[in-house]
$ cat input_4.cif   # mmCIF, C-alpha atoms and all ligand atoms
data_coords
loop_
_atom_site.label_atom_id
_atom_site.label_comp_id
_atom_site.auth_asym_id
_atom_site.auth_seq_id
_atom_site.Cartn_x
_atom_site.Cartn_y
_atom_site.Cartn_z
CA MET Z 19 -7.15 -19.38 108.52
CA PHE Z 20 -10.85 -19.26 109.33
CA PHE Z 21 -12.34 -18.88 112.80
CA GLY Z 22 -15.77 -19.55 114.29
CA ALA Z 23 -18.67 -20.12 111.86
CA GLY Z 24 -16.36 -19.83 108.85
CA ALA Z 25 -14.17 -22.62 110.21
CA TYR Z 26 -17.18 -24.93 110.68
CA TYR Z 27 -18.30 -24.18 107.12
CA CYS Z 28 -14.87 -25.06 105.70
CA GLU Z 29 -14.62 -28.22 107.72
CA GLU Z 30 -18.11 -29.46 106.82
CA ASN Z 31 -17.55 -28.80 103.12
CA ASN Z 32 -14.07 -30.33 102.92
CA LEU Z 33 -12.49 -26.95 102.23
CA GLY Z 34 -10.01 -27.20 105.08
CA ARG Z 35 -9.13 -29.04 108.24
CA ASP Z 36 -9.28 -28.40 111.95
CA ILE Z 37 -5.97 -27.27 113.51
CA GLY Z 38 -4.98 -26.45 117.08
CA VAL Z 39 -3.34 -23.34 118.52
CA GLU Z 40 0.17 -24.77 118.26
CA GLU Z 41 -0.12 -25.57 114.57
CA ALA Z 42 -1.75 -22.18 113.93
CA LEU Z 43 1.21 -20.46 115.60
CA ASP Z 44 3.61 -22.53 113.49
CA VAL Z 45 1.82 -21.40 110.34
CA LEU Z 46 2.08 -17.77 111.47
CA GLU Z 47 5.79 -18.17 112.16
CA LYS Z 48 6.30 -19.68 108.71
CA GLY Z 49 4.52 -16.65 107.21
CA ARG Z 50 6.60 -14.24 109.27
CA LYS Z 51 9.83 -15.86 108.11
CA ALA Z 52 8.65 -15.68 104.51
CA GLY Z 53 7.96 -11.96 104.95
CA LEU Z 54 4.23 -12.18 104.31
CA VAL Z 55 1.77 -9.47 105.33
CA LEU Z 56 -0.65 -10.52 108.05
CA GLN Z 57 -4.20 -9.59 107.03
CA PRO Z 58 -6.98 -10.27 109.51
CA SER Z 59 -10.54 -9.53 108.39
CA ASN Z 60 -11.48 -6.03 109.43
CA SER Z 61 -12.87 -6.62 112.93
CA GLN Z 62 -11.74 -7.01 116.53
CA ASN Z 63 -12.77 -10.69 116.39
CA PRO Z 64 -11.51 -11.59 112.94
CA ALA Z 65 -13.35 -14.28 110.97
CA THR Z 66 -10.33 -14.91 108.75
CA LEU Z 67 -6.59 -14.36 108.77
CA CYS Z 68 -4.59 -14.26 105.52
CA MET Z 69 -0.86 -13.95 104.97
CA CYS Z 70 -0.06 -12.56 101.56
CA CYS Z 71 2.47 -10.84 99.32
CA GLY Z 72 2.30 -7.76 97.09
CA CYS Z 73 2.89 -9.70 93.86
CA CYS Z 74 0.12 -12.34 93.97
CA CYS Z 75 -2.49 -11.23 96.49
CA LEU Z 76 -5.58 -9.64 94.95
CA PHE Z 77 -5.84 -7.01 97.70
CA LEU Z 78 -2.18 -6.15 98.25
CA LYS Z 79 -1.43 -6.06 94.53
CA ASN Z 80 -4.19 -3.50 93.94
CA ILE Z 81 -3.27 -1.46 97.01
CA LYS Z 82 0.36 -1.42 95.86
CA ALA Z 83 -0.67 0.01 92.49
CA MET Z 84 -2.11 3.09 94.24
CA ASP Z 85 -0.04 6.27 94.69
CA LYS Z 86 -0.68 6.38 98.43
CA PRO Z 87 -1.57 2.94 99.79
CA GLY Z 88 -0.93 4.17 103.34
CA ARG Z 89 -3.91 6.54 103.02
CA TYR Z 90 -6.36 3.81 101.99
CA VAL Z 91 -5.59 1.11 104.54
CA HIS Z 92 -7.08 1.10 108.03
CA THR Z 93 -4.07 0.77 110.31
CA SER Z 94 -3.02 2.27 113.62
CA TYR Z 95 0.68 1.60 113.08
CA TYR Z 96 3.54 2.71 110.87
CA ALA Z 97 7.26 2.03 110.49
CA ARG Z 98 9.88 4.63 111.35
CA VAL Z 99 13.68 4.49 111.09
CA ASP Z 100 16.08 5.23 113.93
CA GLU Z 101 18.74 6.74 111.68
CA GLU Z 102 21.46 6.46 114.36
CA SER Z 103 21.17 2.66 114.40
CA CYS Z 104 20.56 2.07 110.69
CA VAL Z 105 23.46 0.39 108.86
CA ALA Z 106 21.87 0.93 105.42
CA CYS Z 107 21.84 -2.79 104.59
CA GLY Z 108 18.63 -2.52 102.54
CA ALA Z 109 17.01 -5.64 104.00
CA CYS Z 110 13.88 -3.70 104.95
CA ALA Z 111 13.46 -2.28 101.44
CA ASP Z 112 13.77 -5.75 99.91
CA ARG Z 113 11.00 -6.98 102.19
CA CYS Z 114 8.50 -4.13 101.89
CA HIS Z 115 5.59 -5.17 99.65
CA MET Z 116 4.49 -1.54 99.21
CA ASP Z 117 7.81 -0.11 97.93
CA ALA Z 118 7.60 2.30 100.86
CA ILE Z 119 11.31 2.24 101.74
CA THR Z 120 14.29 3.85 100.04
CA VAL Z 121 17.85 3.55 101.29
CA ASP Z 122 20.82 5.90 100.87
CA GLU Z 123 23.00 6.67 103.92
CA THR Z 124 20.05 5.35 105.98
CA ALA Z 125 16.62 3.89 105.26
CA HIS Z 126 13.62 6.22 104.78
CA VAL Z 127 9.95 5.25 105.03
CA ASN Z 128 7.42 7.03 102.83
CA PRO Z 129 4.36 7.46 105.11
CA ASP Z 130 2.06 7.71 102.08
CA ARG Z 131 3.03 4.17 101.08
CA CYS Z 132 3.46 2.49 104.48
CA ILE Z 133 0.50 0.27 105.45
CA GLY Z 134 1.93 -0.53 108.89
CA CYS Z 135 2.31 -4.26 108.25
CA GLY Z 136 5.52 -4.55 110.29
CA VAL Z 137 7.22 -6.94 107.84
CA CYS Z 138 10.29 -4.69 107.64
CA VAL Z 139 10.62 -4.45 111.43
CA THR Z 140 11.36 -8.11 112.10
CA GLU Z 141 13.87 -8.19 109.24
CA CYS Z 142 16.10 -5.34 110.47
CA PRO Z 143 19.41 -6.72 111.84
CA SER Z 144 20.21 -3.65 113.95
CA GLY Z 145 16.82 -2.89 115.48
CA ALA Z 146 16.71 0.40 113.59
CA MET Z 147 13.30 -0.16 112.01
CA LEU Z 148 10.72 0.74 114.65
CA TYR Z 149 7.04 -0.10 114.81
CA LYS Z 150 5.08 2.91 116.06
CA GLN Z 151 1.47 3.49 117.01
CA LYS Z 152 -0.22 6.48 115.38
CA GLU Z 153 -1.43 9.41 117.48
CA LYS Z 154 -4.98 9.18 118.89
CA PRO Z 155 -6.91 10.98 116.13
CA ASP Z 156 -5.34 8.69 113.51
CA GLN Z 157 -5.80 5.45 115.44
CA TYR Z 158 -8.37 3.07 113.95
CA VAL Z 159 -10.70 0.95 116.10
CA PRO Z 160 -12.13 -1.89 114.00
CA PRO Z 161 -15.79 -2.93 114.37
CA VAL Z 162 -16.33 -5.63 117.02
CA HIS Z 163 -17.23 -8.38 114.55
CA ILE Z 164 -17.27 -8.92 110.81
CA TYR Z 165 -21.08 -8.60 110.56
CA GLU Z 166 -20.77 -5.03 111.83
CA THR Z 167 -18.05 -4.42 109.24
CA PHE Z 168 -20.31 -5.59 106.40
CA MET Z 169 -23.24 -3.55 107.75
CA ASN Z 170 -21.02 -0.44 107.84
CA MET Z 171 -19.89 -1.09 104.25
CA ALA Z 172 -23.47 -1.57 103.06
CA MET Z 173 -24.62 1.61 104.77
CA GLU Z 174 -21.73 3.62 103.32
CA ARG Z 175 -22.48 2.35 99.82
CA GLY Z 176 -26.16 3.14 100.30
CA LYS Z 177 -25.42 6.81 100.85
CA PRO Z 178 -26.63 9.08 98.03
S1 LIG Z 201 5.49 -1.47 107.85
FE1 LIG Z 201 7.44 -1.64 106.73
S2 LIG Z 201 7.11 -3.34 105.27
FE2 LIG Z 201 5.10 -2.68 105.96
S3 LIG Z 201 4.46 -1.16 104.44
FE3 LIG Z 201 5.42 -0.03 106.13
S4 LIG Z 201 7.52 0.23 105.48
FE4 LIG Z 201 6.66 -1.41 104.20
S1 LIG Z 202 16.99 -3.26 107.65
FE1 LIG Z 202 17.42 -1.89 109.37
S2 LIG Z 202 19.62 -1.45 109.21
FE2 LIG Z 202 19.00 -2.30 107.23
S3 LIG Z 202 18.50 -0.47 105.98
FE3 LIG Z 202 16.60 -1.14 106.93
S4 LIG Z 202 16.44 0.07 108.84
FE4 LIG Z 202 18.57 0.21 108.11
#

$ encode --input "input_4.cif" --output "structure tokens"
Amino acid sequence: MFFGAGAYYCEENNLGRDIGVEEALDVLEKGRKAGLVLQPSNSQNPATLCMCCGCCCLFLKNIKAMDKPGRYVHTSYYARVDEESCVACGACADRCHMDAITVDETAHVNPDRCIGCGVCVTECPSGAMLYKQKEKPDQYVPPVHIYETFMNMAMERGKP
């Protein structure tokens, strides 16, 4: 999905069509049910919103190939298991696009691989997979808009 100027561009160039809030929410629900990772552009007012998987998506596929995807992705959240409630069904591990979960007597999340997407949380039948916010120093505040994001990237690349 595209928002704001990007949406006008797509519409004017026959690259997409205008949809309302209700249809947008339906699309999101479809993505959630399919276990796709929600990927807004990196800003508080996102210009785009993708829903992708770890086998086809350019970004997720490359992140997944890294040893520690959880260390490269800007996220303020992570998944954690309540071992008392876990019934070791493995549904979360099947869903995780980052191969971050292993299951023996209970599920375990590897924090180095967890990108905090939350896909495993909605799949857990016993409410044992919890979605937690990181502590203050590790919380990430995205730039206000995408232009600021690109400016930050350009400035970082321009460093000697
Ligand atoms: S939030 Fe869950 S599904 Fe997403 S990467 Fe972490 S463990 Fe995997
Ligand atoms: S989906 Fe829930 S109950 Fe099943 S293994 Fe994962 S955490 Fe445990």

$ residues_around --input "input_4.cif" --residues "segment 70-86 of chain Z" --least-positions-apart "5" --cutoff "7 Å" --atoms "all atoms listed in the file" --output "compact mmCIF listing (two decimals) with C-alpha atoms, in the frame of the given file"
# COMPACT_ATOMS: atom_id res chain seq x y z
CA LEU Z 54 4.23 -12.18 104.31
CA VAL Z 55 1.77 -9.47 105.33
CA LEU Z 56 -0.65 -10.52 108.05
CA HIS Z 115 5.59 -5.17 99.65
CA MET Z 116 4.49 -1.54 99.21
CA ASP Z 130 2.06 7.71 102.08
CA ARG Z 131 3.03 4.17 101.08

$ residues_near_ligand --input "input_4.cif" --ligand "ligand LIG 201 (chain Z)" --cutoff "8 Å" --atoms "all atoms listed in the file" --output "PyMOL selection string"
chain Z and resi 55+88+95-98+110-111+113-119+127-129+131-139+149

$ residues_around --input "input_4.cif" --residues "segment 151-168 of chain Z" --least-positions-apart "3" --cutoff "6 Å" --atoms "all atoms listed in the file" --output "PyMOL selection string"
chain Z and resi 61-63+94-95+171

$ atom_distance --input "input_4.cif" --atom1 "atom CA of Gly53 of chain Z" --atom2 "atom CA of Cys104 of chain Z"
19.7 Å

$ residues_near_ligand --input "input_4.cif" --ligand "ligand LIG 202 (chain Z)" --cutoff "7 Å" --atoms "all atoms listed in the file" --output "list in words"
Val99, Ser103, Cys104, Val105, Ala106, Cys107, Gly108, Ala109, Cys110, Ala111, Val121, Thr124, Ala125, Cys138, Glu141, Cys142, Pro143, Ser144, Gly145, Ala146 and Met147 of chain Z

$ atom_distance --input "input_4.cif" --atom1 "atom CA of Tyr90 of chain Z" --atom2 "atom CA of Asn60 of chain Z"
13.4 Å

$ atom_distance --input "input_4.cif" --atom1 "atom CA of Arg50 of chain Z" --atom2 "atom CA of Thr140 of chain Z"
8.3 Å

$ build_atoms --input "input_4.cif" --residues "segment 39-69 of chain Z" --atoms "N, CA and C atoms" --output "JSON list (two decimals), keeping the file's coordinate frame"
[["chain", "number", "residue", "atom", "x", "y", "z"],
["Z", 39, "VAL", "N", -4.06, -24.61, 118.34],
["Z", 39, "VAL", "CA", -3.34, -23.34, 118.52],
["Z", 39, "VAL", "C", -1.86, -23.48, 118.13],
["Z", 40, "GLU", "N", -1.26, -24.60, 118.53],
["Z", 40, "GLU", "CA", 0.17, -24.77, 118.26],
["Z", 40, "GLU", "C", 0.47, -24.78, 116.76],
["Z", 41, "GLU", "N", -0.34, -25.50, 116.02],
["Z", 41, "GLU", "CA", -0.12, -25.57, 114.57],
["Z", 41, "GLU", "C", -0.41, -24.20, 113.94],
["Z", 42, "ALA", "N", -1.42, -23.52, 114.46],
["Z", 42, "ALA", "CA", -1.75, -22.18, 113.93],
["Z", 42, "ALA", "C", -0.56, -21.23, 114.14],
["Z", 43, "LEU", "N", 0.05, -21.32, 115.32],
["Z", 43, "LEU", "CA", 1.21, -20.46, 115.60],
["Z", 43, "LEU", "C", 2.39, -20.81, 114.70],
["Z", 44, "ASP", "N", 2.54, -22.12, 114.41],
["Z", 44, "ASP", "CA", 3.61, -22.53, 113.49],
["Z", 44, "ASP", "C", 3.39, -21.95, 112.10],
["Z", 45, "VAL", "N", 2.14, -21.95, 111.67],
["Z", 45, "VAL", "CA", 1.82, -21.40, 110.34],
["Z", 45, "VAL", "C", 2.15, -19.91, 110.32],
["Z", 46, "LEU", "N", 1.79, -19.21, 111.40],
["Z", 46, "LEU", "CA", 2.08, -17.77, 111.47],
["Z", 46, "LEU", "C", 3.58, -17.51, 111.43],
["Z", 47, "GLU", "N", 4.34, -18.34, 112.13],
["Z", 47, "GLU", "CA", 5.79, -18.17, 112.16],
["Z", 47, "GLU", "C", 6.39, -18.40, 110.77],
["Z", 48, "LYS", "N", 5.85, -19.40, 110.08],
["Z", 48, "LYS", "CA", 6.30, -19.68, 108.71],
["Z", 48, "LYS", "C", 6.04, -18.44, 107.83],
["Z", 49, "GLY", "N", 4.88, -17.85, 107.98],
["Z", 49, "GLY", "CA", 4.52, -16.65, 107.21],
["Z", 49, "GLY", "C", 5.43, -15.48, 107.55],
["Z", 50, "ARG", "N", 5.73, -15.34, 108.84],
["Z", 50, "ARG", "CA", 6.60, -14.24, 109.27],
["Z", 50, "ARG", "C", 7.98, -14.40, 108.63],
["Z", 51, "LYS", "N", 8.50, -15.62, 108.69],
["Z", 51, "LYS", "CA", 9.83, -15.86, 108.11],
["Z", 51, "LYS", "C", 9.84, -15.60, 106.61],
["Z", 52, "ALA", "N", 8.73, -15.89, 105.96],
["Z", 52, "ALA", "CA", 8.65, -15.68, 104.51],
["Z", 52, "ALA", "C", 8.39, -14.21, 104.17],
["Z", 53, "GLY", "N", 8.18, -13.38, 105.18],
["Z", 53, "GLY", "CA", 7.96, -11.96, 104.95],
["Z", 53, "GLY", "C", 6.58, -11.63, 104.42],
["Z", 54, "LEU", "N", 5.59, -12.42, 104.80],
["Z", 54, "LEU", "CA", 4.23, -12.18, 104.31],
["Z", 54, "LEU", "C", 3.49, -11.19, 105.21],
["Z", 55, "VAL", "N", 2.55, -10.47, 104.60],
["Z", 55, "VAL", "CA", 1.77, -9.47, 105.33],
["Z", 55, "VAL", "C", 0.57, -10.15, 105.99],
["Z", 56, "LEU", "N", 0.46, -9.95, 107.30],
["Z", 56, "LEU", "CA", -0.65, -10.52, 108.05],
["Z", 56, "LEU", "C", -1.90, -9.69, 107.80],
["Z", 57, "GLN", "N", -2.98, -10.34, 107.36],
["Z", 57, "GLN", "CA", -4.20, -9.59, 107.03],
["Z", 57, "GLN", "C", -5.42, -10.22, 107.69],
["Z", 58, "PRO", "N", -5.74, -9.78, 108.91],
["Z", 58, "PRO", "CA", -6.98, -10.27, 109.51],
["Z", 58, "PRO", "C", -8.18, -9.58, 108.86],
["Z", 59, "SER", "N", -9.34, -10.23, 108.88],
["Z", 59, "SER", "CA", -10.54, -9.53, 108.39],
["Z", 59, "SER", "C", -10.77, -8.33, 109.31],
["Z", 60, "ASN", "N", -11.43, -7.33, 108.78],
["Z", 60, "ASN", "CA", -11.48, -6.03, 109.43],
["Z", 60, "ASN", "C", -12.44, -5.98, 110.61],
["Z", 61, "SER", "N", -12.05, -6.64, 111.71],
["Z", 61, "SER", "CA", -12.87, -6.62, 112.93],
["Z", 61, "SER", "C", -12.01, -7.02, 114.13],
["Z", 62, "GLN", "N", -12.50, -6.67, 115.32],
["Z", 62, "GLN", "CA", -11.74, -7.01, 116.53],
["Z", 62, "GLN", "C", -11.70, -8.51, 116.76],
["Z", 63, "ASN", "N", -12.75, -9.22, 116.34],
["Z", 63, "ASN", "CA", -12.77, -10.69, 116.39],
["Z", 63, "ASN", "C", -12.75, -11.19, 114.96],
["Z", 64, "PRO", "N", -11.57, -11.29, 114.36],
["Z", 64, "PRO", "CA", -11.51, -11.59, 112.94],
["Z", 64, "PRO", "C", -12.10, -12.96, 112.59],
["Z", 65, "ALA", "N", -12.79, -13.02, 111.45],
["Z", 65, "ALA", "CA", -13.35, -14.28, 110.97],
["Z", 65, "ALA", "C", -12.32, -15.03, 110.15],
["Z", 66, "THR", "N", -11.37, -14.30, 109.59],
["Z", 66, "THR", "CA", -10.33, -14.91, 108.75],
["Z", 66, "THR", "C", -8.99, -14.24, 109.03],
["Z", 67, "LEU", "N", -7.93, -14.92, 108.63],
["Z", 67, "LEU", "CA", -6.59, -14.36, 108.77],
["Z", 67, "LEU", "C", -5.75, -14.85, 107.58],
["Z", 68, "CYS", "N", -5.41, -13.91, 106.70],
["Z", 68, "CYS", "CA", -4.59, -14.26, 105.52],
["Z", 68, "CYS", "C", -3.15, -13.83, 105.75],
["Z", 69, "MET", "N", -2.25, -14.43, 105.03],
["Z", 69, "MET", "CA", -0.86, -13.95, 104.97],
["Z", 69, "MET", "C", -0.49, -13.91, 103.50]]
